[in-house]
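> Contents of entry_11.txt (compact mmCIF, C-alpha atoms):
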# COMPACT_ATOMS: atom_id res chain seq x y z
CA MET A 1 -3.68 5.80 10.99
CA ILE A 2 -1.13 3.66 9.16
CA ALA A 3 -2.85 1.03 7.00
CA LYS A 4 -0.67 -1.82 8.30
CA GLU A 5 -2.04 -1.13 11.79
CA ILE A 6 -5.63 -1.52 10.56
CA LEU A 7 -5.04 -4.87 8.86
CA GLY A 8 -5.76 -7.72 11.26
CA ARG A 9 -8.32 -5.83 13.37
CA LYS A 10 -11.46 -7.71 14.26
CA ILE A 11 -14.75 -6.97 12.52
CA ILE A 12 -17.81 -6.98 14.81
CA ASP A 13 -21.41 -7.17 13.55
CA LYS A 14 -24.40 -5.27 14.99
CA ASN A 15 -25.18 -8.24 17.28
CA ALA A 16 -21.69 -7.95 18.81
CA ARG A 17 -20.47 -11.13 17.11
CA GLU A 18 -17.04 -11.47 15.56
CA VAL A 19 -17.30 -11.68 11.76
CA ALA A 20 -13.70 -11.76 10.54
CA LYS A 21 -10.40 -9.84 10.59
CA ILE A 22 -9.59 -7.00 8.21
CA THR A 23 -7.36 -8.40 5.47
CA GLU A 24 -7.52 -5.78 2.69
CA ILE A 25 -8.54 -2.17 2.06
CA VAL A 26 -9.40 -0.96 -1.46
CA PHE A 27 -9.25 2.65 -2.71
CA ASP A 28 -10.77 4.39 -5.71
CA LEU A 29 -7.89 5.66 -7.91
CA GLU A 30 -9.58 8.98 -8.73
CA THR A 31 -10.78 10.08 -5.29
CA TYR A 32 -8.62 7.85 -3.03
CA ASP A 33 -11.73 7.12 -0.96
CA VAL A 34 -12.00 3.70 0.69
CA VAL A 35 -14.52 1.80 -1.46
CA LYS A 36 -14.29 -1.66 0.15
CA ILE A 37 -12.77 -3.48 3.06
CA TYR A 38 -12.34 -7.24 2.99
CA GLY A 39 -12.46 -9.43 6.05
CA ALA A 40 -11.10 -12.98 6.28
CA SER A 41 -12.29 -15.81 8.49
CA GLY A 42 -11.53 -19.48 8.79
CA ASN A 43 -8.25 -21.34 8.66
CA PRO A 44 -5.62 -20.83 5.93
CA ILE A 45 -6.86 -23.87 3.98
CA SER A 46 -10.55 -22.95 3.94
CA LYS A 47 -10.42 -19.17 4.31
CA LYS A 48 -13.54 -17.19 3.38
CA TYR A 49 -13.65 -13.49 2.61
CA CYS A 50 -16.45 -11.00 3.07
CA GLU A 51 -16.81 -7.71 1.25
CA ILE A 52 -17.71 -4.71 3.40
CA LEU A 53 -18.80 -1.40 1.89
CA PRO A 54 -18.45 1.97 3.66
CA SER A 55 -22.26 2.03 4.04
CA ASP A 56 -21.98 -1.19 6.12
CA MET A 57 -19.60 0.44 8.62
CA ILE A 58 -20.40 2.33 11.79
CA ASN A 59 -16.83 3.15 12.80
CA ILE A 60 -13.24 1.90 12.86
CA GLY A 61 -11.31 2.06 16.11
CA ASP A 62 -9.69 -0.89 17.82
CA TYR A 63 -12.43 -2.85 16.01
CA LEU A 64 -14.45 -2.31 12.84
CA LEU A 65 -18.10 -2.02 13.89
CA LEU A 66 -20.80 -2.91 11.36
CA ASN A 67 -24.47 -2.01 11.05
CA LYS A 68 -25.23 -5.49 9.62
CA THR A 69 -25.33 -9.01 11.01
CA ILE A 70 -23.16 -11.94 9.95
CA ASP A 71 -26.19 -13.41 8.13
CA GLU A 72 -26.73 -10.18 6.16
CA LEU A 73 -23.06 -10.23 5.08
CA GLU A 74 -23.16 -13.86 3.89
CA SER A 75 -24.38 -12.79 0.45
CA ASN A 76 -21.02 -10.97 0.10
CA ASN A 77 -18.89 -14.06 0.90
CA LEU A 78 -16.06 -14.89 -1.51
CA ASP A 79 -13.61 -17.78 -1.83
CA THR A 80 -10.73 -15.49 -2.92
CA LEU A 81 -9.95 -11.80 -2.87
CA PRO A 82 -10.79 -10.17 -6.19
CA LYS A 83 -7.99 -8.61 -8.22
CA ASP A 84 -7.76 -4.82 -8.50
CA ASN A 85 -9.66 -3.39 -11.45
CA PRO A 86 -8.34 -0.39 -13.44
CA LYS A 87 -10.24 2.04 -11.17
CA THR A 88 -9.13 0.67 -7.78
CA ILE A 89 -5.96 -0.21 -5.88
CA SER A 90 -5.58 -2.25 -2.72
CA ILE A 91 -3.26 -1.65 0.22
CA ASN A 92 -1.39 -4.92 -0.27
CA ASN A 93 -0.74 -4.08 -3.94
CA SER A 94 0.40 -0.52 -3.12
CA GLU A 95 3.00 -1.07 -0.42
CA GLY A 96 6.42 -1.57 -1.95
CA LYS A 97 5.36 -0.13 -5.32
CA THR A 98 8.05 1.96 -7.06
CA VAL A 99 7.47 5.73 -7.16
CA LEU A 100 8.82 7.78 -10.07
CA ASP A 101 9.36 11.53 -9.69
CA ALA A 102 8.48 14.30 -12.17
CA LYS A 103 11.86 13.87 -13.89
CA GLY A 104 11.37 10.12 -14.40
CA ASN A 105 13.83 9.10 -11.66
CA ILE A 106 13.13 6.59 -8.91
CA ALA A 107 11.93 8.52 -5.87
CA GLY A 108 11.67 5.35 -3.78
CA LYS A 109 9.05 2.77 -2.83
CA ILE A 110 5.80 3.14 -0.92
CA GLY A 111 6.53 2.39 2.73
CA ASN A 112 3.49 3.47 4.75
CA ILE A 113 -0.02 4.43 3.75
CA GLU A 114 -1.83 6.79 6.10
CA ILE A 115 -5.64 6.60 6.18
CA ASP A 116 -8.06 9.15 7.65
CA LEU A 117 -10.47 6.81 9.48
CA ASP A 118 -13.11 9.49 10.02
CA GLU A 119 -13.42 10.30 6.32
CA LEU A 120 -12.29 6.87 4.99
CA LYS A 121 -9.78 8.52 2.64
CA LEU A 122 -6.13 8.06 1.84
CA LYS A 123 -4.35 10.85 3.71
CA GLU A 124 -0.69 10.47 2.69
CA LEU A 125 1.95 8.03 1.51
CA THR A 126 5.50 7.64 2.78
CA VAL A 127 8.07 7.15 0.02
CA GLU A 128 11.22 5.43 1.28
CA LYS A 129 14.54 5.21 -0.52
CA GLY A 130 17.82 3.69 0.56
CA SER A 131 19.82 0.53 0.65
CA SER A 132 20.93 -1.74 3.43
CA PHE A 133 24.27 0.13 3.49
CA SER A 134 22.91 3.68 3.70
CA LYS A 135 20.37 5.48 5.80
CA LYS A 136 16.83 5.38 4.39
CA THR A 137 15.32 8.68 3.36
CA LYS A 138 11.60 9.16 3.86
CA ASN A 139 9.41 11.67 2.06
CA VAL A 140 5.70 12.17 2.48
CA ILE A 141 3.34 12.75 -0.44
CA SER A 142 -0.38 13.43 -0.51
CA LYS A 143 -2.93 12.04 -2.92
CA ASP A 144 -2.74 15.39 -4.76
CA ASP A 145 0.93 14.71 -5.60
CA ILE A 146 0.01 11.55 -7.54
CA ILE A 147 -0.22 12.01 -11.31
CA SER A 148 -0.74 8.36 -12.23
CA ASN A 149 -1.01 5.02 -10.45
CA GLY A 150 -0.48 1.82 -12.45
CA ASP A 151 2.52 -0.53 -12.48
CA TYR A 152 4.37 2.47 -11.00
CA ILE A 153 3.24 5.57 -9.15
CA ILE A 154 4.22 8.84 -10.86
CA ILE A 155 4.29 12.00 -8.74
CA ASN A 156 4.45 15.68 -9.65
CA LYS A 157 7.49 16.56 -7.54
CA VAL A 158 11.20 15.85 -7.21
CA PHE A 159 12.83 15.09 -3.86
CA ASP A 160 16.26 16.44 -2.96
CA GLN A 161 19.00 13.81 -2.91
CA PRO A 162 20.72 13.23 0.44
CA GLU A 163 24.26 14.70 0.63
CA GLU A 164 25.94 11.28 0.49
CA GLU A 165 24.14 10.43 -2.79
CA LYS A 166 25.15 13.78 -4.29
CA GLU A 167 28.80 13.08 -3.44
CA GLN A 168 28.60 9.64 -5.08
CA ASP A 169 27.12 11.20 -8.25
CA GLU A 170 29.94 13.75 -8.63
CA THR A 171 32.76 13.07 -11.05
CA PRO A 172 36.37 13.19 -9.74
CA GLU A 173 36.86 16.59 -11.42
CA GLU A 174 33.82 18.05 -9.59
CA LYS A 175 35.17 16.81 -6.22
CA ASP A 176 38.50 18.65 -6.80
CA ASP A 177 36.73 22.00 -7.38
Mind turning this structure into structure tokens?

Amino acid sequence: MIAKEILGRKIIDKNAREVAKITEIVFDLETYDVVKIYGASGNPISKKYCEILPSDMINIGDYLLLNKTIDELESNNLDTLPKDNPKTISINNSEGKTVLDAKGNIAGKIGNIEIDLDELKLKELTVEKGSSFSKKTKNVISKDDIISNGDYIIINKVFDQPEEEKEQDETPEEKDD
């Protein structure tokens, strides 16, 4: 399932009470397993966040079902979302990140992030490239294609350029041939 579709889903505790709405998903950078989900409740001025571990979850469908009560989660309440540490990356900090190919060229930006909800793992990323004047190209990469993930994402492959980009890159002499 696409990560953007998961954000905003309601979180329900084991007593069938609404806890919060999913606001962030955090992955481990080595395994790309989901390590935490954050829920938000309250109004924008006094928003509170709760940290939910995979061991706290029963399942994610239209709702995220928990095996804990609201009271048991209160010890995990936060006033702000924590920043990513060097070993994790969050969904909101991944989308729109620039992807560099194996030759050091811009492959595009992260568009969609696909998550396997049964295994709680990153499944694939969609890399989108294009401008407002040309058609966007979309390429799909798996977690195995990622060499490094920091300020940029570096992948171990090179995508073919669309025909229109190839024509723009040719010199006038090459076009005459």
> Go ahead and compute the interatomic distance for CA of Ile6 in chain A and CA of Asp62 in chain A, in Å to one decimal.
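Atom-to-atom, CA of Ile6 in chain A and CA of Asp62 in chain A are spaced 8.3 Å apart.
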> Might you pull out every residue within 8 Å of Lys68 in chain A, with only C-alpha atoms counted and same-chain residues fewer than 4 positions away left off, and present them as a PyMOL selection string?
chain A and resi 13-14+56+72-73
> Could you produce a table of the residues of range 19-38 of chain A lying within 12 Å of range 95-115 of chain A, with the nearest pair of atoms per residue and their separation in Å rounded to one decimal, using all atoms listed in the file, ordered by chain and increasing residue number, as JSON lines?

{"residue": "A:Glu24", "atom": "CA", "partner": "A:Glu95", "partner_atom": "CA", "distance": 11.9}
{"residue": "A:Ile25", "atom": "CA", "partner": "A:Ile115", "partner_atom": "CA", "distance": 10.1}
{"residue": "A:Val26", "atom": "CA", "partner": "A:Ile115", "partner_atom": "CA", "distance": 11.4}
{"residue": "A:Phe27", "atom": "CA", "partner": "A:Ile115", "partner_atom": "CA", "distance": 10.4}
{"residue": "A:Tyr32", "atom": "CA", "partner": "A:Ile115", "partner_atom": "CA", "distance": 9.8}
{"residue": "A:Asp33", "atom": "CA", "partner": "A:Ile115", "partner_atom": "CA", "distance": 9.4}
{"residue": "A:Val34", "atom": "CA", "partner": "A:Ile115", "partner_atom": "CA", "distance": 8.9}
> How would the residues just chosen look if you wrote them out with C-alpha atoms as a short mmCIF file (atom, residue, chain, number, x, y, z; two decimals), keeping the file's coordinate frame?

data_model
loop_
_atom_site.label_atom_id
_atom_site.label_comp_id
_atom_site.auth_asym_id
_atom_site.auth_seq_id
_atom_site.Cartn_x
_atom_site.Cartn_y
_atom_site.Cartn_z
CA GLU A 24 -7.52 -5.78 2.69
CA ILE A 25 -8.54 -2.17 2.06
CA VAL A 26 -9.40 -0.96 -1.46
CA PHE A 27 -9.25 2.65 -2.71
CA TYR A 32 -8.62 7.85 -3.03
CA ASP A 33 -11.73 7.12 -0.96
CA VAL A 34 -12.00 3.70 0.69
#
> Please list as a ChimeraX atom specification every residue within 12 Å of Asn76 in chain A, counting all atoms listed in the file and excluding residues in the same chain fewer than 2 positions away.
/A:36-40,48-53,56,68-74,78-81
> Could those residues be written to a file, using C-alpha atoms, as a compact mmCIF listing (two decimals), keeping the file's coordinate frame?

# COMPACT_ATOMS: atom_id res chain seq x y z
CA LYS A 36 -14.29 -1.66 0.15
CA ILE A 37 -12.77 -3.48 3.06
CA TYR A 38 -12.34 -7.24 2.99
CA GLY A 39 -12.46 -9.43 6.05
CA ALA A 40 -11.10 -12.98 6.28
CA LYS A 48 -13.54 -17.19 3.38
CA TYR A 49 -13.65 -13.49 2.61
CA CYS A 50 -16.45 -11.00 3.07
CA GLU A 51 -16.81 -7.71 1.25
CA ILE A 52 -17.71 -4.71 3.40
CA LEU A 53 -18.80 -1.40 1.89
CA ASP A 56 -21.98 -1.19 6.12
CA LYS A 68 -25.23 -5.49 9.62
CA THR A 69 -25.33 -9.01 11.01
CA ILE A 70 -23.16 -11.94 9.95
CA ASP A 71 -26.19 -13.41 8.13
CA GLU A 72 -26.73 -10.18 6.16
CA LEU A 73 -23.06 -10.23 5.08
CA GLU A 74 -23.16 -13.86 3.89
CA LEU A 78 -16.06 -14.89 -1.51
CA ASP A 79 -13.61 -17.78 -1.83
CA THR A 80 -10.73 -15.49 -2.92
CA LEU A 81 -9.95 -11.80 -2.87
> Mind giving me the straight-line distance from CA of Lys47 in chain A to CA of Asn85 in chain A in Å, one decimal?
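Result for CA of Lys47 in chain A versus CA of Asn85 in chain A: 22.3 Å, one decimal.
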> Which neighbours of Lys10 in chain A fall inside 8 Å, counting only C-alpha atoms, when residues of the same chain fewer than 3 positions from it are skipped, and could you give them as a compact mmCIF listing (two decimals) with C-alpha atoms, in the coordinates of the input?

# COMPACT_ATOMS: atom_id res chain seq x y z
CA GLU A 18 -17.04 -11.47 15.56
CA VAL A 19 -17.30 -11.68 11.76
CA ALA A 20 -13.70 -11.76 10.54
CA LYS A 21 -10.40 -9.84 10.59
CA ILE A 22 -9.59 -7.00 8.21
CA ASP A 62 -9.69 -0.89 17.82
CA TYR A 63 -12.43 -2.85 16.01
CA LEU A 64 -14.45 -2.31 12.84
> Using the incomplete input, complete range 90-101 of chain A to the level of all heavy atoms; output as a short mmCIF file (atom, residue, chain, number, x, y, z; two decimals), keeping the file's coordinate frame.

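Result written to out09.cif:
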data_model
loop_
_atom_site.label_atom_id
_atom_site.label_comp_id
_atom_site.auth_asym_id
_atom_site.auth_seq_id
_atom_site.Cartn_x
_atom_site.Cartn_y
_atom_site.Cartn_z
N SER A 90 -5.50 -1.75 -4.09
CA SER A 90 -5.58 -2.25 -2.72
C SER A 90 -4.30 -1.92 -1.96
O SER A 90 -3.25 -1.67 -2.55
CB SER A 90 -5.81 -3.76 -2.73
OG SER A 90 -4.73 -4.41 -3.34
N ILE A 91 -4.41 -1.94 -0.64
CA ILE A 91 -3.26 -1.65 0.22
C ILE A 91 -2.13 -2.63 -0.05
O ILE A 91 -0.99 -2.22 -0.24
CB ILE A 91 -3.68 -1.76 1.72
CG1 ILE A 91 -4.64 -0.64 2.08
CG2 ILE A 91 -2.47 -1.74 2.63
CD1 ILE A 91 -4.08 0.75 2.07
N ASN A 92 -2.44 -3.92 -0.09
CA ASN A 92 -1.39 -4.92 -0.27
C ASN A 92 -0.69 -4.82 -1.62
O ASN A 92 0.45 -5.22 -1.75
CB ASN A 92 -1.94 -6.33 -0.06
CG ASN A 92 -2.32 -6.57 1.39
OD1 ASN A 92 -1.64 -6.14 2.30
ND2 ASN A 92 -3.42 -7.27 1.61
N ASN A 93 -1.37 -4.26 -2.63
CA ASN A 93 -0.74 -4.08 -3.94
C ASN A 93 -0.05 -2.71 -4.07
O ASN A 93 0.59 -2.45 -5.08
CB ASN A 93 -1.76 -4.25 -5.07
CG ASN A 93 -2.17 -5.70 -5.21
OD1 ASN A 93 -1.43 -6.61 -4.85
ND2 ASN A 93 -3.36 -5.92 -5.73
N SER A 94 -0.22 -1.84 -3.08
CA SER A 94 0.40 -0.52 -3.12
C SER A 94 1.73 -0.48 -2.38
O SER A 94 2.68 0.15 -2.84
CB SER A 94 -0.52 0.53 -2.50
OG SER A 94 -1.68 0.65 -3.25
N GLU A 95 1.79 -1.13 -1.23
CA GLU A 95 3.00 -1.07 -0.42
C GLU A 95 4.14 -1.75 -1.16
O GLU A 95 3.99 -2.85 -1.68
CB GLU A 95 2.76 -1.70 0.95
CG GLU A 95 1.83 -0.84 1.77
CD GLU A 95 1.55 -1.39 3.15
OE1 GLU A 95 1.72 -2.60 3.37
OE2 GLU A 95 1.15 -0.59 4.01
N GLY A 96 5.26 -1.05 -1.25
CA GLY A 96 6.42 -1.57 -1.95
C GLY A 96 6.44 -1.19 -3.42
O GLY A 96 7.41 -1.48 -4.12
N LYS A 97 5.41 -0.53 -3.91
CA LYS A 97 5.36 -0.13 -5.32
C LYS A 97 6.37 0.99 -5.56
O LYS A 97 6.55 1.89 -4.73
CB LYS A 97 3.95 0.35 -5.67
CG LYS A 97 3.75 0.58 -7.16
CD LYS A 97 2.34 1.03 -7.46
CE LYS A 97 1.46 -0.15 -7.72
NZ LYS A 97 0.18 0.25 -8.35
N THR A 98 7.05 0.97 -6.71
CA THR A 98 8.05 1.96 -7.06
C THR A 98 7.39 3.29 -7.44
O THR A 98 6.43 3.32 -8.20
CB THR A 98 8.93 1.47 -8.23
OG1 THR A 98 9.56 0.25 -7.83
CG2 THR A 98 9.99 2.48 -8.62
N VAL A 99 7.96 4.38 -6.89
CA VAL A 99 7.47 5.73 -7.16
C VAL A 99 8.48 6.44 -8.05
O VAL A 99 9.68 6.46 -7.75
CB VAL A 99 7.29 6.52 -5.84
CG1 VAL A 99 6.83 7.94 -6.12
CG2 VAL A 99 6.31 5.80 -4.92
N LEU A 100 7.99 7.01 -9.15
CA LEU A 100 8.82 7.78 -10.07
C LEU A 100 8.51 9.26 -9.89
O LEU A 100 7.34 9.64 -9.79
CB LEU A 100 8.56 7.37 -11.51
CG LEU A 100 8.74 5.88 -11.83
CD1 LEU A 100 8.35 5.60 -13.27
CD2 LEU A 100 10.16 5.43 -11.55
N ASP A 101 9.57 10.09 -9.87
CA ASP A 101 9.36 11.53 -9.69
C ASP A 101 9.04 12.21 -11.02
O ASP A 101 8.99 11.57 -12.07
CB ASP A 101 10.54 12.18 -8.96
CG ASP A 101 11.82 12.21 -9.77
OD1 ASP A 101 11.78 12.05 -11.00
OD2 ASP A 101 12.89 12.42 -9.15
#
